[in-house]
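Listing of target_23.csv; format and content: CSV, C-alpha atoms.
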chain,number,residue,atom,x,y,z
A,30,MET,CA,0.0,0.0,0.0
A,31,ASP,CA,1.5,3.4,-1.0
A,32,ASP,CA,1.6,6.5,1.1
A,33,ARG,CA,-1.3,8.2,-0.6
A,34,THR,CA,-3.6,5.2,-0.3
A,35,ALA,CA,-2.7,4.8,3.4
A,36,GLN,CA,-3.2,8.5,4.0
A,37,ASP,CA,-6.6,8.4,2.2
A,38,GLN,CA,-7.7,5.5,4.3
A,39,ARG,CA,-6.7,7.3,7.5
A,40,VAL,CA,-8.6,10.4,6.4
A,41,VAL,CA,-11.7,8.4,5.6
A,42,GLY,CA,-11.5,6.8,9.0
A,43,GLU,CA,-11.3,10.2,10.6
A,44,VAL,CA,-14.4,11.4,8.7
A,45,LEU,CA,-16.3,8.4,9.7
A,46,GLN,CA,-15.4,8.9,13.3
A,47,GLY,CA,-16.9,12.4,13.2
A,48,ASN,CA,-14.1,14.7,12.1
A,49,HIS,CA,-16.1,16.5,9.4
A,50,ASP,CA,-13.2,18.8,8.6
A,51,ALA,CA,-11.1,15.9,7.4
A,52,PHE,CA,-13.5,15.6,4.4
A,53,ALA,CA,-12.2,18.9,3.1
A,54,GLN,CA,-8.9,17.1,2.6
A,55,ILE,CA,-10.5,14.5,0.4
A,56,VAL,CA,-12.3,17.1,-1.6
A,57,GLY,CA,-9.2,19.2,-2.0
A,58,ARG,CA,-7.2,16.2,-3.2
A,59,TYR,CA,-9.7,14.8,-5.7
A,60,GLN,CA,-12.0,17.6,-7.0
A,61,LYS,CA,-9.7,18.1,-10.0
A,62,LEU,CA,-10.0,14.4,-10.9
A,63,VAL,CA,-13.8,14.5,-10.6
A,64,ALA,CA,-14.0,17.7,-12.7
A,65,SER,CA,-11.8,16.1,-15.4
A,66,VAL,CA,-14.0,13.1,-15.6
A,67,ALA,CA,-17.1,15.3,-15.8
A,68,TRP,CA,-15.6,17.6,-18.4
A,69,ARG,CA,-14.6,14.7,-20.7
A,70,TYR,CA,-18.0,13.3,-20.5
A,71,GLY,CA,-19.6,16.5,-21.6
A,72,VAL,CA,-20.5,18.4,-18.4
A,73,GLY,CA,-20.2,22.1,-19.3
A,74,ARG,CA,-18.5,24.9,-17.3
A,75,GLU,CA,-21.9,26.3,-16.1
A,76,GLU,CA,-23.0,23.1,-14.4
A,77,MET,CA,-19.5,21.8,-13.4
A,78,GLU,CA,-19.6,23.0,-9.8
A,79,ASP,CA,-23.1,21.4,-9.3
A,80,VAL,CA,-22.0,18.1,-10.7
A,81,VAL,CA,-18.7,17.9,-8.7
A,82,SER,CA,-20.6,18.9,-5.5
A,83,GLU,CA,-23.2,16.2,-6.1
A,84,VAL,CA,-20.4,13.6,-6.6
A,85,PHE,CA,-18.7,14.6,-3.3
A,86,PHE,CA,-22.1,14.8,-1.6
A,87,LYS,CA,-22.7,11.2,-2.7
A,88,VAL,CA,-19.2,10.2,-1.5
A,89,TYR,CA,-19.9,11.7,1.9
A,90,ARG,CA,-23.2,9.9,2.3
A,91,ASN,CA,-21.8,6.5,1.1
A,92,LEU,CA,-18.5,6.7,2.8
A,93,ASN,CA,-19.2,3.8,5.1
A,94,GLN,CA,-19.6,1.6,2.0
A,95,TYR,CA,-16.0,2.1,1.0
A,96,ARG,CA,-13.9,-1.0,1.6
A,97,PRO,CA,-10.2,-0.4,2.2
A,98,ASP,CA,-9.1,-3.5,0.1
A,99,HIS,CA,-9.1,-1.1,-2.9
A,100,PRO,CA,-7.5,2.3,-3.2
A,101,PHE,CA,-9.9,5.1,-2.3
A,102,SER,CA,-9.2,6.9,-5.6
A,103,THR,CA,-10.5,3.8,-7.5
A,104,TRP,CA,-13.8,3.8,-5.5
A,105,LEU,CA,-14.2,7.5,-5.9
A,106,TYR,CA,-13.5,7.3,-9.7
A,107,ARG,CA,-16.2,4.7,-10.1
A,108,LEU,CA,-18.7,6.8,-8.2
A,109,ALA,CA,-17.8,9.9,-10.2
A,110,ALA,CA,-17.9,8.2,-13.5
A,111,ASN,CA,-21.3,6.6,-12.7
A,112,HIS,CA,-22.6,9.9,-11.5
A,113,VAL,CA,-21.6,11.9,-14.6
A,114,MET,CA,-23.0,9.2,-16.9
A,115,ASP,CA,-26.3,9.2,-14.9
A,116,HIS,CA,-26.3,13.0,-15.3
A,117,GLY,CA,-25.8,12.6,-19.0
A,118,ARG,CA,-28.7,10.1,-19.3
A,119,ARG,CA,-30.9,12.4,-17.2
A,120,LYS,CA,-30.1,15.4,-19.4
A,121,LYS,CA,-30.8,13.3,-22.5
A,122,ARG,CA,-34.2,12.3,-21.1
A,123,GLU,CA,-35.0,15.9,-20.3
A,124,GLY,CA,-34.3,16.8,-24.0
A,125,SER,CA,-30.9,18.4,-23.9
A,126,ARG,CA,-28.3,16.5,-25.8
A,127,THR,CA,-25.1,15.5,-24.1
A,128,GLU,CA,-22.3,17.1,-25.9
A,129,LEU,CA,-18.7,17.3,-25.0
A,130,PRO,CA,-17.6,21.0,-24.6
A,131,ASP,CA,-16.4,22.7,-27.8
A,132,ASP,CA,-13.0,23.9,-26.4
A,133,LEU,CA,-12.0,20.3,-25.6
A,134,GLY,CA,-9.3,18.8,-27.7
A,135,ASP,CA,-5.6,18.4,-28.0
A,136,PRO,CA,-3.9,21.5,-29.4
A,137,ALA,CA,-1.7,20.6,-32.4
A,138,PRO,CA,1.6,22.4,-33.1
A,139,GLY,CA,0.8,24.6,-36.2
A,140,PRO,CA,-2.3,26.7,-36.9
A,141,SER,CA,-3.6,24.5,-39.7
A,142,GLU,CA,-2.9,21.3,-37.8
A,143,ARG,CA,-4.6,22.8,-34.8
A,144,ALA,CA,-7.6,23.8,-36.9
A,145,GLU,CA,-7.9,20.3,-38.3
A,146,ALA,CA,-7.4,18.6,-34.9
A,147,GLY,CA,-10.1,20.9,-33.5
A,148,GLU,CA,-12.4,20.1,-36.4
A,149,ARG,CA,-11.9,16.3,-35.9
A,150,ALA,CA,-12.4,16.6,-32.2
A,151,THR,CA,-15.6,18.5,-32.6
A,152,ALA,CA,-16.9,16.0,-35.1
A,153,LEU,CA,-15.9,13.2,-32.9
A,154,ARG,CA,-17.7,14.7,-29.9
A,155,ARG,CA,-20.8,15.2,-31.9
A,156,ALA,CA,-20.7,11.6,-33.2
A,157,LEU,CA,-20.2,10.3,-29.7
A,158,ALA,CA,-23.2,12.3,-28.5
A,159,GLU,CA,-25.3,10.5,-31.2
A,160,LEU,CA,-24.5,7.0,-29.9
A,161,LYS,CA,-26.7,5.1,-27.5
A,162,PRO,CA,-25.7,5.7,-23.9
A,163,ARG,CA,-24.7,2.1,-23.4
A,164,TYR,CA,-22.1,2.4,-26.2
A,165,ARG,CA,-21.0,5.9,-25.4
A,166,GLU,CA,-20.3,4.9,-21.8
A,167,VAL,CA,-17.9,2.1,-22.6
A,168,LEU,CA,-16.1,4.0,-25.3
A,169,PHE,CA,-15.7,6.9,-22.9
A,170,LEU,CA,-14.3,4.7,-20.1
A,171,VAL,CA,-12.0,2.7,-22.3
A,172,TYR,CA,-10.8,4.9,-25.1
A,173,ILE,CA,-11.0,8.4,-23.5
A,174,GLU,CA,-10.5,7.6,-19.8
A,175,GLY,CA,-8.0,4.8,-20.6
A,176,LEU,CA,-9.4,2.1,-18.4
A,177,GLN,CA,-8.8,-1.5,-19.0
A,178,VAL,CA,-11.8,-3.6,-20.0
A,179,GLY,CA,-11.8,-5.3,-16.6
A,180,GLU,CA,-11.8,-1.9,-14.9
A,181,ALA,CA,-14.6,-0.6,-17.1
A,182,ALA,CA,-16.6,-3.8,-16.2
A,183,HIS,CA,-16.0,-3.2,-12.5
A,184,THR,CA,-17.0,0.5,-12.9
A,185,LEU,CA,-20.2,-0.2,-14.7
A,186,GLY,CA,-21.0,-3.4,-12.7
A,187,LEU,CA,-21.2,-5.5,-15.9
A,188,PRO,CA,-19.5,-8.7,-17.1
A,189,GLU,CA,-16.3,-8.2,-19.2
A,190,GLY,CA,-17.9,-10.0,-22.1
A,191,THR,CA,-20.7,-7.4,-22.2
A,192,ILE,CA,-18.2,-4.6,-22.1
A,193,LYS,CA,-16.2,-6.2,-24.9
A,194,SER,CA,-19.2,-6.6,-27.2
A,195,ARG,CA,-20.4,-3.1,-26.4
A,196,LEU,CA,-17.0,-1.8,-27.3
A,197,LEU,CA,-16.9,-3.5,-30.6
A,198,ARG,CA,-20.5,-2.5,-31.5
A,199,GLY,CA,-19.9,1.0,-30.2
A,200,ARG,CA,-16.8,1.4,-32.4
A,201,ALA,CA,-18.8,0.1,-35.4
A,202,ALA,CA,-21.6,2.5,-34.6
A,203,LEU,CA,-19.2,5.4,-34.1
A,204,ARG,CA,-17.5,4.6,-37.4
A,205,GLY,CA,-20.9,4.5,-39.1
A,206,VAL,CA,-21.8,8.0,-37.8
A,207,LEU,CA,-18.4,9.4,-38.8
A,208,ASP,CA,-18.6,7.9,-42.3
A,209,ARG,CA,-22.1,9.3,-42.7
A,210,ARG,CA,-21.6,12.8,-41.3
A,211,HIS,CA,-17.9,13.5,-41.9
A,212,PRO,CA,-16.6,11.2,-44.7
A,213,ALA,CA,-13.9,13.6,-45.7
A,214,LEU,CA,-12.5,14.1,-42.1
A,215,PHE,CA,-12.3,10.5,-41.1
A,216,ALA,CA,-11.6,8.7,-44.3
A,217,SER,CA,-8.2,7.7,-45.5
B,230,MET,CA,-8.7,-15.4,-41.3
B,231,ASP,CA,-11.1,-13.4,-43.4
B,232,CYS,CA,-11.3,-9.5,-43.6
B,233,ARG,CA,-14.2,-9.3,-41.1
B,234,ALA,CA,-12.4,-11.4,-38.5
B,235,ALA,CA,-9.2,-9.5,-39.1
B,236,ARG,CA,-10.7,-6.1,-38.4
B,237,ARG,CA,-12.4,-7.5,-35.3
B,238,SER,CA,-9.2,-9.1,-34.2
B,239,TYR,CA,-7.3,-5.8,-34.6
B,240,LEU,CA,-9.7,-4.1,-32.2
B,241,GLU,CA,-9.4,-7.0,-29.7
B,242,GLN,CA,-5.6,-6.8,-30.0
B,243,GLU,CA,-5.7,-3.0,-29.4
B,244,LEU,CA,-7.7,-3.7,-26.2
B,245,ARG,CA,-5.2,-6.5,-25.3
B,246,LEU,CA,-8.1,-9.0,-25.3
B,247,GLY,CA,-7.3,-11.6,-28.0
B,248,PRO,CA,-4.9,-14.5,-27.6
B,249,PRO,CA,-1.2,-13.8,-28.6
B,250,ALA,CA,-1.6,-16.4,-31.4
B,251,ALA,CA,-4.3,-14.2,-33.0
B,252,ARG,CA,-1.7,-11.4,-33.4
B,253,THR,CA,0.4,-13.6,-35.8
B,254,ALA,CA,-2.7,-14.5,-37.8
B,255,LEU,CA,-3.7,-10.9,-38.0
B,256,ASP,CA,-0.2,-9.8,-39.1
B,257,ARG,CA,-0.2,-12.5,-41.8
B,258,HIS,CA,-3.6,-11.3,-43.1
B,259,LEU,CA,-2.5,-7.7,-43.1
B,260,GLY,CA,0.6,-8.6,-45.0
B,261,ARG,CA,-1.5,-9.7,-48.0
B,262,CYS,CA,-4.7,-7.5,-47.7
B,263,SER,CA,-4.3,-3.9,-48.5
B,264,ALA,CA,-8.0,-3.1,-47.8
B,265,CYS,CA,-7.6,-4.3,-44.2
B,266,ARG,CA,-4.3,-2.4,-43.9
B,267,SER,CA,-6.2,0.8,-44.7
B,268,ALA,CA,-9.1,-0.1,-42.4
B,269,VAL,CA,-6.7,-0.8,-39.6
B,270,ALA,CA,-4.9,2.5,-40.2
B,271,LEU,CA,-8.3,4.3,-39.9
B,272,GLU,CA,-9.1,2.5,-36.7
B,273,ARG,CA,-5.7,3.4,-35.3
B,274,GLY,CA,-6.4,7.0,-36.1
B,275,LEU,CA,-9.8,6.9,-34.5
B,276,THR,CA,-8.3,5.4,-31.3
B,277,ALA,CA,-5.8,8.3,-31.3
B,278,ASP,CA,-8.5,10.8,-31.8
B,279,LEU,CA,-10.6,9.4,-28.9
B,280,ALA,CA,-7.5,9.4,-26.7
B,281,ALA,CA,-6.9,13.1,-27.6
B,282,LEU,CA,-10.2,13.9,-26.0
B,283,ARG,CA,-8.7,13.0,-22.6
B,284,VAL,CA,-8.0,16.6,-21.5
B,285,ASP,CA,-8.6,18.4,-18.2
B,286,PRO,CA,-11.0,21.4,-18.0
B,287,PRO,CA,-9.4,24.7,-18.9
B,288,PHE,CA,-10.6,26.2,-15.6
B,289,ALA,CA,-10.2,25.4,-11.9
B,290,VAL,CA,-13.0,24.1,-9.7
B,291,ASP,CA,-13.0,24.5,-6.0
B,292,ILE,CA,-16.1,23.4,-4.2
B,293,ARG,CA,-14.7,23.1,-0.6
B,294,VAL,CA,-16.5,26.1,0.9
B,295,ARG,CA,-19.8,25.4,-0.9
B,296,LEU,CA,-19.7,21.7,0.1
B,297,ALA,CA,-18.8,22.4,3.7
B,298,ALA,CA,-22.0,24.6,3.9
B,299,GLU,CA,-24.1,21.9,2.3
B,300,LEU,CA,-22.7,19.1,4.5
B,301,ALA,CA,-23.0,21.1,7.8
B,302,GLY,CA,-24.9,19.1,10.3
B,303,ARG,CA,-25.0,15.9,8.2
B,304,ALA,CA,-23.5,12.7,9.4
B,305,PRO,CA,-21.2,10.8,6.9
B,306,GLY,CA,-22.2,7.3,5.7
B,307,VAL,CA,-26.0,7.9,5.9
B,308,PRO,CA,-27.4,7.5,2.4
B,309,GLU,CA,-30.5,9.6,1.7
B,310,VAL,CA,-33.6,8.0,0.2
B,311,GLY,CA,-33.9,9.2,-3.4
B,312,ALA,CA,-37.2,10.7,-4.7
B,313,ARG,CA,-37.6,7.7,-7.0
B,314,GLU,CA,-37.2,5.1,-4.2
B,315,LEU,CA,-39.5,7.1,-2.0
B,316,GLY,CA,-42.1,7.3,-4.8
B,317,TRP,CA,-42.0,3.5,-5.3
B,318,SER,CA,-42.2,2.8,-1.6
B,319,LEU,CA,-45.2,5.1,-1.2
B,320,ALA,CA,-46.9,3.5,-4.2
B,321,ALA,CA,-46.4,0.0,-2.8
B,322,ALA,CA,-47.7,1.1,0.6
B,323,ALA,CA,-50.7,2.7,-1.0
B,324,ALA,CA,-51.5,-0.4,-3.1
B,325,PHE,CA,-51.2,-2.6,0.0
B,326,ALA,CA,-53.4,-0.2,2.0
B,327,ALA,CA,-56.0,-0.2,-0.7
B,328,ILE,CA,-56.1,-4.1,-0.7
B,329,LEU,CA,-56.6,-4.0,3.1
B,330,VAL,CA,-59.3,-1.4,2.9
B,331,PHE,CA,-61.2,-3.4,0.2
B,332,GLY,CA,-60.8,-6.5,2.3
B,333,ALA,CA,-62.2,-4.8,5.4
B,334,TRP,CA,-64.9,-3.1,3.4
B,335,ARG,CA,-66.3,-6.5,2.2
B,336,GLU,CA,-67.2,-7.3,5.8
B,337,LEU,CA,-69.2,-4.1,6.3
B,338,PRO,CA,-73.0,-4.1,5.6
B,339,ALA,CA,-73.8,-2.6,2.1
B,340,PRO,CA,-75.1,1.0,2.1
B,341,ALA,CA,-78.6,1.1,0.9
B,342,THR,CA,-78.8,4.1,-1.3
B,343,LEU,CA,-76.3,6.3,-3.2
B,344,ALA,CA,-73.2,4.1,-3.6
B,345,ARG,CA,-75.0,0.8,-4.3
B,346,ASP,CA,-73.4,0.4,-7.8
B,347,CYS,CA,-70.1,1.6,-6.5
B,348,TRP,CA,-70.3,-0.8,-3.6
B,349,ALA,CA,-71.1,-3.7,-6.0
B,350,LEU,CA,-68.0,-2.9,-8.0
B,351,LEU,CA,-65.7,-2.6,-5.0
B,352,SER,CA,-67.2,-5.7,-3.5
B,353,ALA,CA,-66.4,-7.6,-6.7
B,354,ALA,CA,-62.9,-6.3,-6.7
B,355,ALA,CA,-62.5,-7.2,-3.0
B,356,SER,CA,-63.8,-10.7,-3.7
B,357,ALA,CA,-61.3,-11.1,-6.6
B,358,VAL,CA,-58.5,-10.0,-4.3
B,359,ALA,CA,-59.7,-12.4,-1.5
B,360,GLY,CA,-59.9,-15.1,-4.2
B,361,LEU,CA,-56.2,-14.6,-4.9
B,362,PHE,CA,-55.4,-15.4,-1.3
B,363,ALA,CA,-57.8,-18.4,-0.9
B,364,PRO,CA,-55.3,-21.0,-2.3
B,365,LEU,CA,-52.7,-19.7,0.1
B,366,GLN,CA,-55.1,-20.0,3.0
B,367,ALA,CA,-56.0,-23.5,2.0
B,368,LEU,CA,-52.3,-24.4,1.8
B,369,PHE,CA,-51.7,-23.2,5.3
B,370,ALA,CA,-54.8,-25.0,6.6
B,371,SER,CA,-53.6,-28.3,5.0
B,372,GLY,CA,-50.1,-27.7,6.5
B,373,PHE,CA,-51.4,-27.2,10.0
B,374,ARG,CA,-53.6,-30.3,9.7
B,375,LEU,CA,-50.7,-32.4,8.5
B,376,LEU,CA,-48.6,-31.1,11.4
B,377,GLY,CA,-51.4,-32.1,13.9
B,378,GLU,CA,-51.6,-35.6,12.4
B,379,LEU,CA,-47.9,-36.0,12.6
B,380,ALA,CA,-47.8,-34.9,16.2
B,381,GLY,CA,-50.6,-37.4,17.0
B,382,ALA,CA,-48.8,-40.3,15.3
B,383,THR,CA,-45.6,-39.4,17.1
B,384,ARG,CA,-47.4,-39.4,20.4
B,385,SER,CA,-48.9,-42.8,19.8
B,386,LEU,CA,-45.6,-44.2,18.6
B,387,LEU,CA,-43.9,-43.0,21.8
B,388,GLY,CA,-46.7,-44.5,23.9
B,389,THR,CA,-46.2,-47.9,22.2
B,390,LEU,CA,-42.4,-47.7,22.6
B,391,HIS,CA,-42.9,-46.9,26.3
B,392,ALA,CA,-45.1,-49.9,26.8
B,393,LEU,CA,-42.5,-52.3,25.2
B,394,GLU,CA,-39.5,-53.9,26.9
B,395,PRO,CA,-36.3,-51.9,26.8
B,396,ALA,CA,-34.6,-54.5,24.6
B,397,ALA,CA,-37.4,-54.4,22.0
B,398,THR,CA,-37.3,-50.6,22.0
B,399,ALA,CA,-33.5,-50.6,21.3
B,400,ALA,CA,-34.0,-53.1,18.5
B,401,ILE,CA,-36.7,-50.9,16.8
B,402,LEU,CA,-34.5,-47.8,17.2
B,403,ALA,CA,-31.5,-49.6,15.7
B,404,CYS,CA,-33.6,-50.8,12.7
B,405,THR,CA,-34.9,-47.3,12.2
B,406,ALA,CA,-31.4,-45.8,12.3
B,407,MET,CA,-30.2,-48.4,9.7
B,408,MET,CA,-33.1,-47.7,7.4
B,409,ALA,CA,-32.4,-43.9,7.6
B,410,ALA,CA,-28.7,-44.5,6.9
B,411,GLY,CA,-29.6,-46.7,3.9
B,412,ILE,CA,-32.0,-44.0,2.5
B,413,GLY,CA,-29.3,-41.4,3.1
B,414,LEU,CA,-26.7,-43.4,1.1
B,415,VAL,CA,-29.1,-44.0,-1.8
B,416,LEU,CA,-30.1,-40.4,-2.0
B,417,GLY,CA,-26.5,-39.2,-1.6
B,418,ARG,CA,-25.3,-41.4,-4.4
B,419,ASP,CA,-28.1,-40.2,-6.7
B,420,LEU,CA,-27.3,-36.6,-5.9
B,421,MET,CA,-23.7,-37.0,-6.7
B,422,ARG,CA,-24.2,-38.8,-10.0
B,423,PRO,CA,-24.8,-35.7,-12.3
B,424,HIS,CA,-21.7,-34.0,-10.9
B,425,ARG,CA,-19.6,-37.1,-11.6
B,426,ALA,CA,-21.1,-37.4,-15.1
B,427,GLU,CA,-20.2,-33.7,-15.8
B,428,GLY,CA,-16.7,-34.3,-14.5
B,429,GLU,CA,-16.3,-37.3,-16.7
B,430,GLU,CA,-17.7,-35.5,-19.8
B,431,ARG,CA,-15.2,-32.6,-19.2
B,432,ARG,CA,-12.4,-35.1,-19.1

Have the structure of the file written as structure tokens, please.
Amino acid sequence: MDDRTAQDQRVVGEVLQGNHDAFAQIVGRYQKLVASVAWRYGVGREEMEDVVSEVFFKVYRNLNQYRPDHPFSTWLYRLAANHVMDHGRRKKREGSRTELPDDLGDPAPGPSERAEAGERATALRRALAELKPRYREVLFLVYIEGLQVGEAAHTLGLPEGTIKSRLLRGRAALRGVLDRRHPALFAS
Amino acid sequence: MDCRAARRSYLEQELRLGPPAARTALDRHLGRCSACRSAVALERGLTADLAALRVDPPFAVDIRVRLAAELAGRAPGVPEVGARELGWSLAAAAAFAAILVFGAWRELPAPATLARDCWALLSAAASAVAGLFAPLQALFASGFRLLGELAGATRSLLGTLHALEPAATAAILACTAMMAAGIGLVLGRDLMRPHRAEGEERR
């Protein structure tokens, strides 16, 4: 167990024993991680604080369910990812589409490369937003967040086989949307 | 390996899912199929594009003050009941209460005037609900009757044993124990048979 994990577990223990101020340490340490997950999944700047607060509110209420046999960061990540995905589904039900923010993307070196990278990133975000949530979620966790298939299965509470088939179908669906809407950008 | 299998295999390899042997078959296929080489290059580009979306927000978020105010006075580790769960619980409680009220209403004398039709309708509904529970009631009644008969038989058997000589009682008990052991062995062997058959099949 590394220092950080041990320290997290000590702080969680303190919070559970009634030291509420210790929770601020957890928030300070992990709010950037939660904000990053939310940002990548399409939570905009205007609702970011609400979503991050909701995640930590949930963490606080469910803190007794955390089991120290896994790092606290893993548990928190799962909770955050599930919360932002629920948030996306809820928004979709309410009629507003989940879209990744426009200024999200890796800046390329030159102006023309940057413009093209930006264009591809925007097209990709829009294509992802068109997918069914069950495909978007696994593509997000595995290809954007960089989780292994087993970790994604653990996060979503699904068998690895289901994640694998959703990844393959999700990729095919994404490719279909890109070919239909942006044949020039994503073709060879 | 055909083209379809090759493209699927590439995605599996990318996720480190396929067996290492599949990598060799894939490389062999890619070596002779230019269409799959192009398709794989496209997929590789798409993976890189997706990974490029892994960026942090271009602004800072600090919710410590806000959260401290929201959490003031709340104990950690106490999940709140969500609106949906509360809604379902209330609906279930209301449905149960309605069944109880209908059941009780059936026992009341029918009002003579205004609500006669309504009463007939509710009465029919209550009878239908009561009808649903009738088989359960009959089952319980049979169960209790059976238990009573078993108790009576046990009592009479004990009386008989008590009247016999101690040697005869011991002989009867020994025979009973042997019969029980025999039945246990037969049943145990039958229960084990499918597992053994599965194990043999696997081998």

For this session: Compile the contact shell of B:Cys232 as JSON, numbers by chain: residues with an atom at most 8 Å away, counting all atoms listed in the file, same-chain residues fewer than 4 positions apart removed.
Result: {"B": [236, 258, 265]}

Exercise. So how far away is atom CA of A:Arg154 from atom CA of B:Gly274, in Å?
Worked result: 15.0 Å

Counting all atoms listed in the file, which residues of chain A fall within 6 Å of chain B, and what is the closest atom pair for each with its distance in Å at one decimal, ordered by chain and rising number, as a Markdown table?
| residue | atom | partner | partner_atom | distance |
| --- | --- | --- | --- | --- |
| A:Ser65 | CA | B:Asp285 | CA | 4.8 |
| A:Trp68 | CA | B:Pro286 | CA | 6.0 |
| A:Tyr89 | CA | B:Pro305 | CA | 5.2 |
| A:Arg90 | CA | B:Gly306 | CA | 4.4 |
| A:Asn91 | CA | B:Gly306 | CA | 4.7 |
| A:Leu92 | CA | B:Gly306 | CA | 4.7 |
| A:Asn93 | CA | B:Gly306 | CA | 4.6 |
| A:Gly134 | CA | B:Leu282 | CA | 5.3 |
| A:Asp135 | CA | B:Ala281 | CA | 5.5 |
| A:Tyr172 | CA | B:Ala280 | CA | 5.8 |
| A:Ile173 | CA | B:Ala280 | CA | 4.8 |

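Nearest-residue note for A:Arg119: choosing from A:Leu185, A:Phe215, A:Glu180, A:Pro162, the minimum distance belongs to A:Pro162, counting only C-alpha atoms.
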
Exercise. Counting all atoms listed in the file, what is within 8 Å of stretch 194-200 of chain A, bar same-chain residues fewer than 6 positions away, as a PyMOL selection string?
Worked result: (chain A and resi 160+163-165+167-168) or (chain B and resi 237+240)

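Taking all atoms listed in the file into account, the residues near (-16.3, 11.5, -1.6), no farther than 8 Å, are A:Phe52, A:Ile55, A:Val56, A:Val84, A:Phe85, A:Phe86, A:Lys87, A:Val88, A:Tyr89, A:Asn91, A:Leu92, A:Leu105.
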
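The space between atom CA of A:Arg96 and atom CA of A:Asp37 spans 11.9 Å.
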
Exercise. Can you find the residues with an atom no farther than 12 Å from (-25.9, 11.7, -20.8), counting only C-alpha atoms, and report them as JSON, numbers by chain?
Worked result: {"A": [67, 69, 70, 71, 72, 73, 110, 111, 112, 113, 114, 115, 116, 117, 118, 119, 120, 121, 122, 123, 124, 125, 126, 127, 128, 129, 157, 158, 159, 160, 161, 162, 163, 164, 165, 166, 169]}

Exercise. Hey, can you check how far atom CA of A:Arg58 sits from atom CA of A:Val41?
Worked result: 12.6 Å

For this session: Would you list the contacts of A:Ala181 as a PyMOL selection string, taking every protein, DNA or RNA residue within 10 Å and counting all atoms listed in the file, but skipping same-chain residues closer than 6 positions in sequence?
Result: chain A and resi 107+166-171+174-175+187-189+192-193
